[in-house]
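The file protein28.txt comes next; it holds compact mmCIF, N, CA and C atoms.
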# COMPACT_ATOMS: atom_id res chain seq x y z
N GLN R 1 0.84 -1.19 0.00
CA GLN R 1 0.00 0.00 0.00
C GLN R 1 0.88 1.25 0.00
N VAL R 2 0.59 2.17 -0.90
CA VAL R 2 1.38 3.39 -1.00
C VAL R 2 0.94 4.38 0.08
N GLN R 3 1.92 4.93 0.79
CA GLN R 3 1.65 5.94 1.80
C GLN R 3 2.46 7.19 1.49
N VAL R 4 1.81 8.34 1.63
CA VAL R 4 2.45 9.63 1.35
C VAL R 4 2.27 10.50 2.58
N VAL R 5 3.38 10.97 3.14
CA VAL R 5 3.31 11.76 4.37
C VAL R 5 4.19 13.01 4.22
N GLU R 6 3.56 14.19 4.36
CA GLU R 6 4.30 15.45 4.25
C GLU R 6 4.57 16.01 5.64
N SER R 7 5.55 16.90 5.69
CA SER R 7 5.84 17.64 6.92
C SER R 7 6.61 18.90 6.55
N GLY R 8 6.72 19.81 7.52
CA GLY R 8 7.56 20.98 7.34
C GLY R 8 6.83 22.29 7.18
N GLY R 9 5.52 22.27 7.06
CA GLY R 9 4.78 23.51 6.93
C GLY R 9 4.85 24.33 8.21
N ALA R 10 4.78 25.66 8.05
CA ALA R 10 4.86 26.56 9.19
C ALA R 10 4.44 27.95 8.75
N SER R 11 4.43 28.86 9.70
CA SER R 11 4.18 30.27 9.41
C SER R 11 5.52 31.00 9.41
N VAL R 12 5.74 31.80 8.37
CA VAL R 12 7.02 32.49 8.23
C VAL R 12 6.78 33.87 7.63
N GLY R 13 7.65 34.80 7.91
CA GLY R 13 7.53 36.13 7.35
C GLY R 13 7.98 36.20 5.90
N ALA R 14 7.49 37.19 5.19
CA ALA R 14 7.88 37.37 3.79
C ALA R 14 9.40 37.47 3.67
N GLY R 15 9.93 36.81 2.65
CA GLY R 15 11.37 36.76 2.46
C GLY R 15 12.04 35.60 3.14
N GLY R 16 11.30 34.89 3.97
CA GLY R 16 11.86 33.76 4.70
C GLY R 16 11.93 32.50 3.88
N SER R 17 12.36 31.42 4.51
CA SER R 17 12.54 30.14 3.84
C SER R 17 11.90 29.02 4.64
N LEU R 18 11.48 27.98 3.94
CA LEU R 18 10.97 26.76 4.55
C LEU R 18 11.41 25.59 3.70
N ARG R 19 11.51 24.43 4.34
CA ARG R 19 11.80 23.20 3.60
C ARG R 19 10.72 22.18 3.93
N LEU R 20 9.97 21.79 2.91
CA LEU R 20 8.96 20.76 3.07
C LEU R 20 9.56 19.40 2.75
N SER R 21 9.11 18.39 3.48
CA SER R 21 9.57 17.03 3.25
C SER R 21 8.38 16.11 3.02
N CYS R 22 8.61 15.08 2.26
CA CYS R 22 7.57 14.10 1.98
C CYS R 22 8.22 12.73 1.84
N THR R 23 7.65 11.74 2.49
CA THR R 23 8.14 10.37 2.36
C THR R 23 7.05 9.53 1.73
N ILE R 24 7.43 8.79 0.70
CA ILE R 24 6.50 7.92 0.00
C ILE R 24 7.01 6.49 0.15
N SER R 25 6.18 5.64 0.67
CA SER R 25 6.57 4.25 0.85
C SER R 25 5.59 3.34 0.14
N GLY R 26 6.03 2.13 -0.15
CA GLY R 26 5.16 1.15 -0.78
C GLY R 26 5.15 1.23 -2.30
N TYR R 27 6.04 2.06 -2.86
CA TYR R 27 6.05 2.22 -4.32
C TYR R 27 7.49 2.46 -4.72
N THR R 28 8.16 1.50 -5.28
CA THR R 28 9.62 1.57 -5.33
C THR R 28 10.21 1.53 -6.73
N THR R 29 9.43 1.71 -7.77
CA THR R 29 10.04 1.77 -9.10
C THR R 29 10.68 3.13 -9.31
N ASN R 30 11.50 3.26 -10.32
CA ASN R 30 12.18 4.52 -10.62
C ASN R 30 11.44 5.39 -11.63
N GLU R 31 10.56 4.78 -12.37
CA GLU R 31 9.97 5.48 -13.50
C GLU R 31 8.60 6.05 -13.16
N TYR R 32 8.59 7.03 -12.26
CA TYR R 32 7.37 7.75 -11.97
C TYR R 32 7.74 9.11 -11.41
N PHE R 33 6.76 9.99 -11.36
CA PHE R 33 6.99 11.37 -10.94
C PHE R 33 6.48 11.61 -9.53
N LEU R 34 7.17 12.52 -8.88
CA LEU R 34 6.76 13.05 -7.58
C LEU R 34 6.49 14.53 -7.75
N GLY R 35 5.44 15.01 -7.14
CA GLY R 35 5.10 16.41 -7.33
C GLY R 35 4.70 17.10 -6.05
N TRP R 36 4.90 18.39 -6.04
CA TRP R 36 4.38 19.26 -4.98
C TRP R 36 3.30 20.14 -5.60
N PHE R 37 2.18 20.20 -4.92
CA PHE R 37 1.05 21.02 -5.34
C PHE R 37 0.62 21.90 -4.19
N ARG R 38 -0.13 22.94 -4.49
CA ARG R 38 -0.63 23.79 -3.42
C ARG R 38 -2.03 24.26 -3.75
N GLN R 39 -2.77 24.54 -2.70
CA GLN R 39 -4.13 25.04 -2.87
C GLN R 39 -4.41 26.08 -1.81
N ALA R 40 -4.68 27.29 -2.29
CA ALA R 40 -5.07 28.38 -1.40
C ALA R 40 -6.59 28.40 -1.29
N PRO R 41 -7.13 28.98 -0.21
CA PRO R 41 -8.59 29.03 -0.05
C PRO R 41 -9.26 29.70 -1.23
N GLY R 42 -10.27 29.04 -1.76
CA GLY R 42 -11.02 29.61 -2.86
C GLY R 42 -10.37 29.47 -4.22
N LYS R 43 -9.23 28.79 -4.28
CA LYS R 43 -8.51 28.64 -5.54
C LYS R 43 -8.35 27.17 -5.88
N GLU R 44 -8.08 26.91 -7.15
CA GLU R 44 -7.85 25.54 -7.59
C GLU R 44 -6.45 25.08 -7.16
N ARG R 45 -6.31 23.77 -7.07
CA ARG R 45 -5.01 23.21 -6.76
C ARG R 45 -4.08 23.43 -7.95
N GLU R 46 -2.86 23.89 -7.68
CA GLU R 46 -1.91 24.16 -8.76
C GLU R 46 -0.61 23.42 -8.54
N GLY R 47 0.00 23.02 -9.62
CA GLY R 47 1.29 22.37 -9.55
C GLY R 47 2.40 23.36 -9.25
N VAL R 48 3.31 22.99 -8.39
CA VAL R 48 4.42 23.86 -7.99
C VAL R 48 5.73 23.34 -8.59
N ALA R 49 6.00 22.06 -8.39
CA ALA R 49 7.24 21.47 -8.89
C ALA R 49 7.06 19.96 -8.99
N ALA R 50 7.82 19.35 -9.89
CA ALA R 50 7.74 17.90 -10.06
C ALA R 50 9.11 17.37 -10.45
N ILE R 51 9.38 16.13 -10.04
CA ILE R 51 10.67 15.51 -10.34
C ILE R 51 10.45 14.02 -10.56
N VAL R 52 11.16 13.46 -11.52
CA VAL R 52 11.11 12.03 -11.72
C VAL R 52 11.94 11.36 -10.63
N VAL R 53 11.55 10.18 -10.20
CA VAL R 53 12.26 9.52 -9.09
C VAL R 53 13.72 9.31 -9.43
N GLY R 54 14.01 9.04 -10.71
CA GLY R 54 15.40 8.89 -11.12
C GLY R 54 16.20 10.17 -11.05
N GLY R 55 15.52 11.32 -10.89
CA GLY R 55 16.19 12.59 -10.68
C GLY R 55 16.64 13.32 -11.94
N TYR R 56 16.40 12.77 -13.11
CA TYR R 56 16.96 13.35 -14.33
C TYR R 56 16.04 14.33 -15.02
N LYS R 57 14.86 14.53 -14.50
CA LYS R 57 13.92 15.46 -15.11
C LYS R 57 13.12 16.15 -14.02
N LEU R 58 13.04 17.47 -14.10
CA LEU R 58 12.23 18.18 -13.14
C LEU R 58 11.60 19.39 -13.81
N TYR R 59 10.50 19.85 -13.21
CA TYR R 59 9.73 20.97 -13.74
C TYR R 59 9.32 21.90 -12.60
N TYR R 60 9.16 23.18 -12.94
CA TYR R 60 8.70 24.17 -11.97
C TYR R 60 7.60 25.03 -12.59
N ALA R 61 6.69 25.47 -11.74
CA ALA R 61 5.74 26.48 -12.18
C ALA R 61 6.48 27.81 -12.33
N ASP R 62 6.03 28.62 -13.25
CA ASP R 62 6.69 29.92 -13.48
C ASP R 62 6.71 30.76 -12.21
N SER R 63 5.67 30.64 -11.40
CA SER R 63 5.54 31.49 -10.22
C SER R 63 6.58 31.19 -9.15
N VAL R 64 7.23 30.02 -9.22
CA VAL R 64 8.20 29.66 -8.19
C VAL R 64 9.60 29.44 -8.76
N GLU R 65 9.74 29.48 -10.06
CA GLU R 65 11.04 29.27 -10.70
C GLU R 65 12.07 30.23 -10.13
N GLY R 66 13.21 29.69 -9.72
CA GLY R 66 14.28 30.50 -9.15
C GLY R 66 14.17 30.70 -7.65
N ARG R 67 13.02 30.38 -7.07
CA ARG R 67 12.84 30.54 -5.61
C ARG R 67 12.70 29.18 -4.93
N PHE R 68 12.08 28.22 -5.58
CA PHE R 68 11.85 26.90 -5.02
C PHE R 68 12.75 25.89 -5.71
N THR R 69 13.16 24.87 -4.94
CA THR R 69 13.97 23.79 -5.48
C THR R 69 13.41 22.45 -5.01
N ILE R 70 13.14 21.57 -5.95
CA ILE R 70 12.68 20.23 -5.62
C ILE R 70 13.85 19.27 -5.72
N SER R 71 13.90 18.31 -4.79
CA SER R 71 14.94 17.29 -4.82
C SER R 71 14.37 16.01 -4.23
N ARG R 72 15.13 14.90 -4.37
CA ARG R 72 14.64 13.63 -3.83
C ARG R 72 15.81 12.74 -3.41
N ASP R 73 15.51 11.86 -2.47
CA ASP R 73 16.42 10.79 -2.06
C ASP R 73 15.65 9.49 -2.16
N LYS R 74 16.34 8.42 -2.54
CA LYS R 74 15.65 7.14 -2.69
C LYS R 74 16.40 6.04 -1.96
N THR R 75 15.64 5.19 -1.27
CA THR R 75 16.19 3.99 -0.65
C THR R 75 15.48 2.80 -1.30
N PRO R 76 15.91 1.58 -0.99
CA PRO R 76 15.22 0.43 -1.58
C PRO R 76 13.75 0.33 -1.22
N THR R 77 13.33 0.94 -0.13
CA THR R 77 11.95 0.77 0.32
C THR R 77 11.12 2.04 0.31
N SER R 78 11.73 3.19 0.09
CA SER R 78 10.97 4.43 0.12
C SER R 78 11.70 5.51 -0.66
N VAL R 79 11.00 6.59 -0.90
CA VAL R 79 11.60 7.75 -1.52
C VAL R 79 11.14 8.99 -0.78
N SER R 80 12.04 9.94 -0.60
CA SER R 80 11.71 11.21 0.03
C SER R 80 11.87 12.32 -1.00
N VAL R 81 10.95 13.24 -0.99
CA VAL R 81 11.02 14.39 -1.89
C VAL R 81 10.92 15.65 -1.05
N TYR R 82 11.72 16.63 -1.41
CA TYR R 82 11.82 17.86 -0.63
C TYR R 82 11.48 19.06 -1.51
N LEU R 83 10.99 20.10 -0.86
CA LEU R 83 10.75 21.36 -1.55
C LEU R 83 11.37 22.46 -0.71
N GLN R 84 12.51 22.96 -1.16
CA GLN R 84 13.15 24.09 -0.50
C GLN R 84 12.55 25.37 -1.07
N MET R 85 11.97 26.16 -0.19
CA MET R 85 11.28 27.37 -0.61
C MET R 85 12.00 28.58 -0.02
N ASN R 86 12.52 29.41 -0.89
CA ASN R 86 13.23 30.62 -0.48
C ASN R 86 12.48 31.86 -0.95
N ASP R 87 12.81 32.98 -0.34
CA ASP R 87 12.19 34.26 -0.72
C ASP R 87 10.67 34.13 -0.77
N LEU R 88 10.10 33.59 0.28
CA LEU R 88 8.67 33.34 0.29
C LEU R 88 7.87 34.64 0.26
N LYS R 89 6.73 34.58 -0.40
CA LYS R 89 5.86 35.73 -0.55
C LYS R 89 4.48 35.40 0.03
N PRO R 90 3.72 36.42 0.42
CA PRO R 90 2.38 36.13 0.96
C PRO R 90 1.53 35.31 0.00
N GLU R 91 1.71 35.47 -1.29
CA GLU R 91 0.92 34.70 -2.25
C GLU R 91 1.33 33.23 -2.32
N ASP R 92 2.38 32.85 -1.62
CA ASP R 92 2.75 31.44 -1.51
C ASP R 92 1.96 30.73 -0.42
N THR R 93 1.17 31.48 0.33
CA THR R 93 0.37 30.89 1.39
C THR R 93 -0.64 29.91 0.81
N ALA R 94 -0.62 28.68 1.33
CA ALA R 94 -1.49 27.63 0.81
C ALA R 94 -1.26 26.35 1.60
N MET R 95 -2.15 25.39 1.38
CA MET R 95 -1.90 24.02 1.82
C MET R 95 -1.06 23.36 0.73
N TYR R 96 0.05 22.78 1.14
CA TYR R 96 0.94 22.14 0.19
C TYR R 96 0.79 20.63 0.28
N TYR R 97 0.67 20.00 -0.89
CA TYR R 97 0.46 18.57 -0.97
C TYR R 97 1.59 17.92 -1.75
N CYS R 98 1.97 16.74 -1.30
CA CYS R 98 2.91 15.90 -2.02
C CYS R 98 2.12 14.80 -2.71
N ALA R 99 2.55 14.42 -3.90
CA ALA R 99 1.81 13.40 -4.64
C ALA R 99 2.76 12.58 -5.49
N ALA R 100 2.33 11.36 -5.81
CA ALA R 100 3.10 10.48 -6.69
C ALA R 100 2.23 10.03 -7.84
N SER R 101 2.85 9.92 -8.99
CA SER R 101 2.14 9.46 -10.18
C SER R 101 2.72 8.15 -10.66
N ARG R 102 1.91 7.34 -11.30
CA ARG R 102 2.40 6.09 -11.88
C ARG R 102 2.91 6.29 -13.30
N THR R 103 2.99 7.54 -13.75
CA THR R 103 3.26 7.87 -15.14
C THR R 103 4.51 8.71 -15.27
N LEU R 104 5.23 8.54 -16.39
CA LEU R 104 6.30 9.45 -16.74
C LEU R 104 5.74 10.60 -17.56
N PHE R 105 6.29 11.78 -17.35
CA PHE R 105 5.84 12.95 -18.10
C PHE R 105 7.01 13.58 -18.84
N TYR R 106 6.70 14.17 -19.98
CA TYR R 106 7.73 14.80 -20.79
C TYR R 106 7.41 16.26 -21.07
N SER R 107 6.55 16.82 -20.25
CA SER R 107 6.23 18.24 -20.37
C SER R 107 5.81 18.75 -19.01
N ALA R 108 6.08 20.04 -18.77
CA ALA R 108 5.65 20.66 -17.52
C ALA R 108 4.14 20.67 -17.43
N PHE R 109 3.48 20.85 -18.58
CA PHE R 109 2.02 20.91 -18.60
C PHE R 109 1.42 19.67 -17.97
N ARG R 110 1.96 18.51 -18.30
CA ARG R 110 1.41 17.27 -17.75
C ARG R 110 1.95 16.98 -16.36
N ALA R 111 3.22 17.28 -16.13
CA ALA R 111 3.83 16.96 -14.83
C ALA R 111 3.25 17.80 -13.71
N LEU R 112 2.74 18.98 -14.01
CA LEU R 112 2.20 19.87 -12.99
C LEU R 112 0.67 19.88 -12.96
N ASP R 113 0.06 18.89 -13.61
CA ASP R 113 -1.39 18.76 -13.60
C ASP R 113 -1.78 17.75 -12.52
N SER R 114 -2.49 18.18 -11.51
CA SER R 114 -2.82 17.31 -10.38
C SER R 114 -3.66 16.11 -10.79
N ARG R 115 -4.36 16.21 -11.91
CA ARG R 115 -5.20 15.09 -12.34
C ARG R 115 -4.38 13.88 -12.77
N ASN R 116 -3.09 14.07 -12.98
CA ASN R 116 -2.23 12.98 -13.42
C ASN R 116 -1.56 12.25 -12.27
N TYR R 117 -1.91 12.59 -11.04
CA TYR R 117 -1.28 11.98 -9.88
C TYR R 117 -2.25 11.06 -9.16
N HIS R 118 -1.73 9.99 -8.60
CA HIS R 118 -2.58 8.93 -8.09
C HIS R 118 -2.53 8.77 -6.58
N TYR R 119 -1.46 9.19 -5.95
CA TYR R 119 -1.31 9.00 -4.51
C TYR R 119 -1.00 10.36 -3.87
N TRP R 120 -1.75 10.67 -2.83
CA TRP R 120 -1.67 12.00 -2.23
C TRP R 120 -1.47 11.92 -0.72
N GLY R 121 -0.75 12.92 -0.20
CA GLY R 121 -0.66 13.09 1.24
C GLY R 121 -1.79 13.97 1.73
N GLN R 122 -1.78 14.21 3.03
CA GLN R 122 -2.85 14.98 3.66
C GLN R 122 -2.61 16.48 3.60
N GLY R 123 -1.40 16.88 3.27
CA GLY R 123 -1.11 18.30 3.15
C GLY R 123 -0.42 18.88 4.37
N THR R 124 0.32 19.95 4.15
CA THR R 124 0.97 20.68 5.24
C THR R 124 0.82 22.17 4.94
N GLN R 125 0.42 22.94 5.96
CA GLN R 125 0.07 24.34 5.75
C GLN R 125 1.31 25.23 5.77
N VAL R 126 1.39 26.09 4.77
CA VAL R 126 2.42 27.12 4.71
C VAL R 126 1.73 28.47 4.72
N THR R 127 2.11 29.31 5.67
CA THR R 127 1.54 30.65 5.78
C THR R 127 2.67 31.66 5.76
N VAL R 128 2.60 32.60 4.85
CA VAL R 128 3.62 33.64 4.72
C VAL R 128 2.98 34.97 5.07
N THR R 129 3.49 35.62 6.10
CA THR R 129 2.94 36.88 6.56
C THR R 129 3.73 38.05 5.99
N SER R 130 3.04 39.12 5.74
CA SER R 130 3.70 40.30 5.16
C SER R 130 4.24 41.23 6.24
Give the structure from this file in structure tokens form.
Amino acid sequence: QVQVVESGGASVGAGGSLRLSCTISGYTTNEYFLGWFRQAPGKEREGVAAIVVGGYKLYYADSVEGRFTISRDKTPTSVSVYLQMNDLKPEDTAMYYCAASRTLFYSAFRALDSRNYHYWGQGTQVTVTS
């Protein structure tokens, strides 16, 4: 059974940094994507960043390019994916979700589409105050 667990959300002032972590267990192939998504109140869920488990392909939303960095570590039984968020802005405030897909993607359009992901965590709240 695949389990996805996020952590690291907090409240931080504008310009600050946070590092989100996510551990995915029960799914150990290399050929699938891991993604970070976020959803602010009253808004649709949007893709933030995605990375293939093998680490050779990654994508970012334009709104976070240059400020956020996605990375991953893999063991024989689990994989961890991280989102380093720097220069945070109030508009980054949202619930952040980690997700895994059973599919490989070759475009940001598909990799950052939440409908293409199959396993989701419960989310971790990030609040950026001005």
Counting only C-alpha atoms, note down every residue that has an atom within 6 Å of the point (8.8, 22.6, -0.7) (file coordinates), as a ChimeraX atom specification.
/R:19-20,82-85
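With all atoms listed in the file as the atoms that count, the residue of R:Glu65, R:Met95, R:Val48, R:Gly15 with the shortest distance to R:Thr124 is R:Met95.
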Residue among R:Ser130, R:Gln125, R:Gln1, R:Thr93 lying closest to R:Thr77, counting only C-alpha atoms
R:Gln1
Quote the spacing between atom CA of R:Lys43 and atom CA of R:Tyr59 in Å to one decimal place.
21.4 Å
Return as lines of an AutoDock Vina configuration file the centre and edge lengths, in Å with one decimal, of the box along x, y and z that encloses every atom of stretch 74-88 of chain R in the file, padded by 5 Å per side.
center_x = 12.1
center_y = 17.5
center_z = -1.2
size_x = 18.5
size_y = 44.3
size_z = 13.0
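Among the candidates R:Val128, R:Ile24, R:Leu112, R:Ala94, the residue lying nearest to R:Gln3 is R:Ile24 (atoms considered: only N, CA and C atoms).
Closest approach to R:Gly26 among R:Val126, R:Val2, R:Ser80, R:His118 is made by R:Val2 (distances from all atoms listed in the file).
Atom N of R:Gly121 to atom CA of R:Ser11 spans 20.4 Å [interatomic distance, one decimal].
Counting only C-alpha atoms, the residue from R:Ser107, R:Thr23, R:Gln39, R:Ser17 that sits nearest to R:Lys57 is R:Ser107.
Each of R:Asp73, R:Glu91, R:Glu6, R:Asp113 was checked against R:Gly54 using only C-alpha atoms; the smallest atom-to-atom distance is that of R:Asp73.
In this model, the gap between atom N of R:Leu104 and atom N of R:Tyr56 comes to 12.4 Å.
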What parts of chain R does DSSP call helix (DSSP H, G or I)? I'd like the answer as a list in words.
Pro90, Glu91, Asp92, Ala108, Phe109, Arg110, Ala111, Ser114, Arg115 and Asn116 of chain R
Point (3.9, 10.0, -11.3), cut-off 12 Å, counting only C-alpha atoms, residues as an MDAnalysis selection string
chainID R and resid 24 27:36 50:54 58 98:106 110:120
Take stretch 29-53 of chain R from the preceding structure and save N, CA, C and O atoms as a PDB file, in the first residue's frame.
ATOM      1  N   THR R  29       9.426   1.715  -7.771  1.00  0.00           N
ATOM      2  CA  THR R  29      10.037   1.769  -9.095  1.00  0.00           C
ATOM      3  C   THR R  29      10.684   3.131  -9.310  1.00  0.00           C
ATOM      4  O   THR R  29      10.448   4.068  -8.561  1.00  0.00           O
ATOM      5  N   ASN R  30      11.498   3.264 -10.318  1.00  0.00           N
ATOM      6  CA  ASN R  30      12.181   4.523 -10.617  1.00  0.00           C
ATOM      7  C   ASN R  30      11.443   5.388 -11.632  1.00  0.00           C
ATOM      8  O   ASN R  30      11.703   6.573 -11.737  1.00  0.00           O
ATOM      9  N   GLU R  31      10.557   4.780 -12.372  1.00  0.00           N
ATOM     10  CA  GLU R  31       9.966   5.485 -13.503  1.00  0.00           C
ATOM     11  C   GLU R  31       8.601   6.050 -13.162  1.00  0.00           C
ATOM     12  O   GLU R  31       7.574   5.651 -13.694  1.00  0.00           O
ATOM     13  N   TYR R  32       8.591   7.029 -12.256  1.00  0.00           N
ATOM     14  CA  TYR R  32       7.373   7.749 -11.975  1.00  0.00           C
ATOM     15  C   TYR R  32       7.740   9.115 -11.413  1.00  0.00           C
ATOM     16  O   TYR R  32       8.880   9.369 -11.050  1.00  0.00           O
ATOM     17  N   PHE R  33       6.761   9.993 -11.364  1.00  0.00           N
ATOM     18  CA  PHE R  33       6.989  11.367 -10.943  1.00  0.00           C
ATOM     19  C   PHE R  33       6.483  11.615  -9.526  1.00  0.00           C
ATOM     20  O   PHE R  33       5.503  11.015  -9.073  1.00  0.00           O
ATOM     21  N   LEU R  34       7.168  12.521  -8.876  1.00  0.00           N
ATOM     22  CA  LEU R  34       6.756  13.047  -7.582  1.00  0.00           C
ATOM     23  C   LEU R  34       6.492  14.534  -7.748  1.00  0.00           C
ATOM     24  O   LEU R  34       7.266  15.221  -8.428  1.00  0.00           O
ATOM     25  N   GLY R  35       5.440  15.013  -7.142  1.00  0.00           N
ATOM     26  CA  GLY R  35       5.104  16.409  -7.332  1.00  0.00           C
ATOM     27  C   GLY R  35       4.699  17.103  -6.052  1.00  0.00           C
ATOM     28  O   GLY R  35       4.229  16.468  -5.098  1.00  0.00           O
ATOM     29  N   TRP R  36       4.902  18.394  -6.036  1.00  0.00           N
ATOM     30  CA  TRP R  36       4.375  19.259  -4.983  1.00  0.00           C
ATOM     31  C   TRP R  36       3.301  20.144  -5.599  1.00  0.00           C
ATOM     32  O   TRP R  36       3.517  20.752  -6.656  1.00  0.00           O
ATOM     33  N   PHE R  37       2.176  20.204  -4.916  1.00  0.00           N
ATOM     34  CA  PHE R  37       1.054  21.020  -5.345  1.00  0.00           C
ATOM     35  C   PHE R  37       0.622  21.904  -4.187  1.00  0.00           C
ATOM     36  O   PHE R  37       0.958  21.630  -3.032  1.00  0.00           O
ATOM     37  N   ARG R  38      -0.126  22.941  -4.488  1.00  0.00           N
ATOM     38  CA  ARG R  38      -0.633  23.786  -3.419  1.00  0.00           C
ATOM     39  C   ARG R  38      -2.032  24.264  -3.750  1.00  0.00           C
ATOM     40  O   ARG R  38      -2.413  24.352  -4.913  1.00  0.00           O
ATOM     41  N   GLN R  39      -2.768  24.542  -2.699  1.00  0.00           N
ATOM     42  CA  GLN R  39      -4.129  25.036  -2.869  1.00  0.00           C
ATOM     43  C   GLN R  39      -4.413  26.079  -1.811  1.00  0.00           C
ATOM     44  O   GLN R  39      -4.367  25.791  -0.609  1.00  0.00           O
ATOM     45  N   ALA R  40      -4.684  27.290  -2.286  1.00  0.00           N
ATOM     46  CA  ALA R  40      -5.068  28.382  -1.402  1.00  0.00           C
ATOM     47  C   ALA R  40      -6.588  28.404  -1.294  1.00  0.00           C
ATOM     48  O   ALA R  40      -7.291  27.923  -2.182  1.00  0.00           O
ATOM     49  N   PRO R  41      -7.125  28.975  -0.213  1.00  0.00           N
ATOM     50  CA  PRO R  41      -8.585  29.026  -0.046  1.00  0.00           C
ATOM     51  C   PRO R  41      -9.258  29.696  -1.233  1.00  0.00           C
ATOM     52  O   PRO R  41      -8.834  30.773  -1.682  1.00  0.00           O
ATOM     53  N   GLY R  42     -10.273  29.045  -1.755  1.00  0.00           N
ATOM     54  CA  GLY R  42     -11.022  29.611  -2.859  1.00  0.00           C
ATOM     55  C   GLY R  42     -10.365  29.471  -4.221  1.00  0.00           C
ATOM     56  O   GLY R  42     -10.895  29.982  -5.217  1.00  0.00           O
ATOM     57  N   LYS R  43      -9.226  28.792  -4.276  1.00  0.00           N
ATOM     58  CA  LYS R  43      -8.512  28.641  -5.543  1.00  0.00           C
ATOM     59  C   LYS R  43      -8.346  27.165  -5.882  1.00  0.00           C
ATOM     60  O   LYS R  43      -8.451  26.294  -5.022  1.00  0.00           O
ATOM     61  N   GLU R  44      -8.084  26.908  -7.149  1.00  0.00           N
ATOM     62  CA  GLU R  44      -7.845  25.543  -7.585  1.00  0.00           C
ATOM     63  C   GLU R  44      -6.447  25.083  -7.162  1.00  0.00           C
ATOM     64  O   GLU R  44      -5.545  25.887  -6.954  1.00  0.00           O
ATOM     65  N   ARG R  45      -6.308  23.774  -7.066  1.00  0.00           N
ATOM     66  CA  ARG R  45      -5.005  23.213  -6.759  1.00  0.00           C
ATOM     67  C   ARG R  45      -4.075  23.429  -7.952  1.00  0.00           C
ATOM     68  O   ARG R  45      -4.465  23.184  -9.101  1.00  0.00           O
ATOM     69  N   GLU R  46      -2.858  23.889  -7.685  1.00  0.00           N
ATOM     70  CA  GLU R  46      -1.914  24.158  -8.759  1.00  0.00           C
ATOM     71  C   GLU R  46      -0.611  23.417  -8.536  1.00  0.00           C
ATOM     72  O   GLU R  46      -0.181  23.208  -7.390  1.00  0.00           O
ATOM     73  N   GLY R  47       0.005  23.023  -9.621  1.00  0.00           N
ATOM     74  CA  GLY R  47       1.292  22.365  -9.547  1.00  0.00           C
ATOM     75  C   GLY R  47       2.396  23.359  -9.254  1.00  0.00           C
ATOM     76  O   GLY R  47       2.415  24.458  -9.816  1.00  0.00           O
ATOM     77  N   VAL R  48       3.313  22.993  -8.388  1.00  0.00           N
ATOM     78  CA  VAL R  48       4.423  23.857  -7.993  1.00  0.00           C
ATOM     79  C   VAL R  48       5.733  23.343  -8.594  1.00  0.00           C
ATOM     80  O   VAL R  48       6.478  24.093  -9.204  1.00  0.00           O
ATOM     81  N   ALA R  49       6.004  22.055  -8.387  1.00  0.00           N
ATOM     82  CA  ALA R  49       7.243  21.468  -8.894  1.00  0.00           C
ATOM     83  C   ALA R  49       7.064  19.963  -8.992  1.00  0.00           C
ATOM     84  O   ALA R  49       6.262  19.379  -8.251  1.00  0.00           O
ATOM     85  N   ALA R  50       7.818  19.354  -9.889  1.00  0.00           N
ATOM     86  CA  ALA R  50       7.742  17.902 -10.057  1.00  0.00           C
ATOM     87  C   ALA R  50       9.107  17.371 -10.450  1.00  0.00           C
ATOM     88  O   ALA R  50       9.886  18.062 -11.121  1.00  0.00           O
ATOM     89  N   ILE R  51       9.380  16.131 -10.042  1.00  0.00           N
ATOM     90  CA  ILE R  51      10.667  15.512 -10.337  1.00  0.00           C
ATOM     91  C   ILE R  51      10.453  14.023 -10.564  1.00  0.00           C
ATOM     92  O   ILE R  51       9.631  13.392  -9.877  1.00  0.00           O
ATOM     93  N   VAL R  52      11.165  13.464 -11.519  1.00  0.00           N
ATOM     94  CA  VAL R  52      11.105  12.026 -11.715  1.00  0.00           C
ATOM     95  C   VAL R  52      11.939  11.360 -10.631  1.00  0.00           C
ATOM     96  O   VAL R  52      12.937  11.931 -10.158  1.00  0.00           O
ATOM     97  N   VAL R  53      11.554  10.180 -10.196  1.00  0.00           N
ATOM     98  CA  VAL R  53      12.256   9.523  -9.095  1.00  0.00           C
ATOM     99  C   VAL R  53      13.717   9.313  -9.433  1.00  0.00           C
ATOM    100  O   VAL R  53      14.588   9.442  -8.570  1.00  0.00           O
TER     101      VAL R  53
END
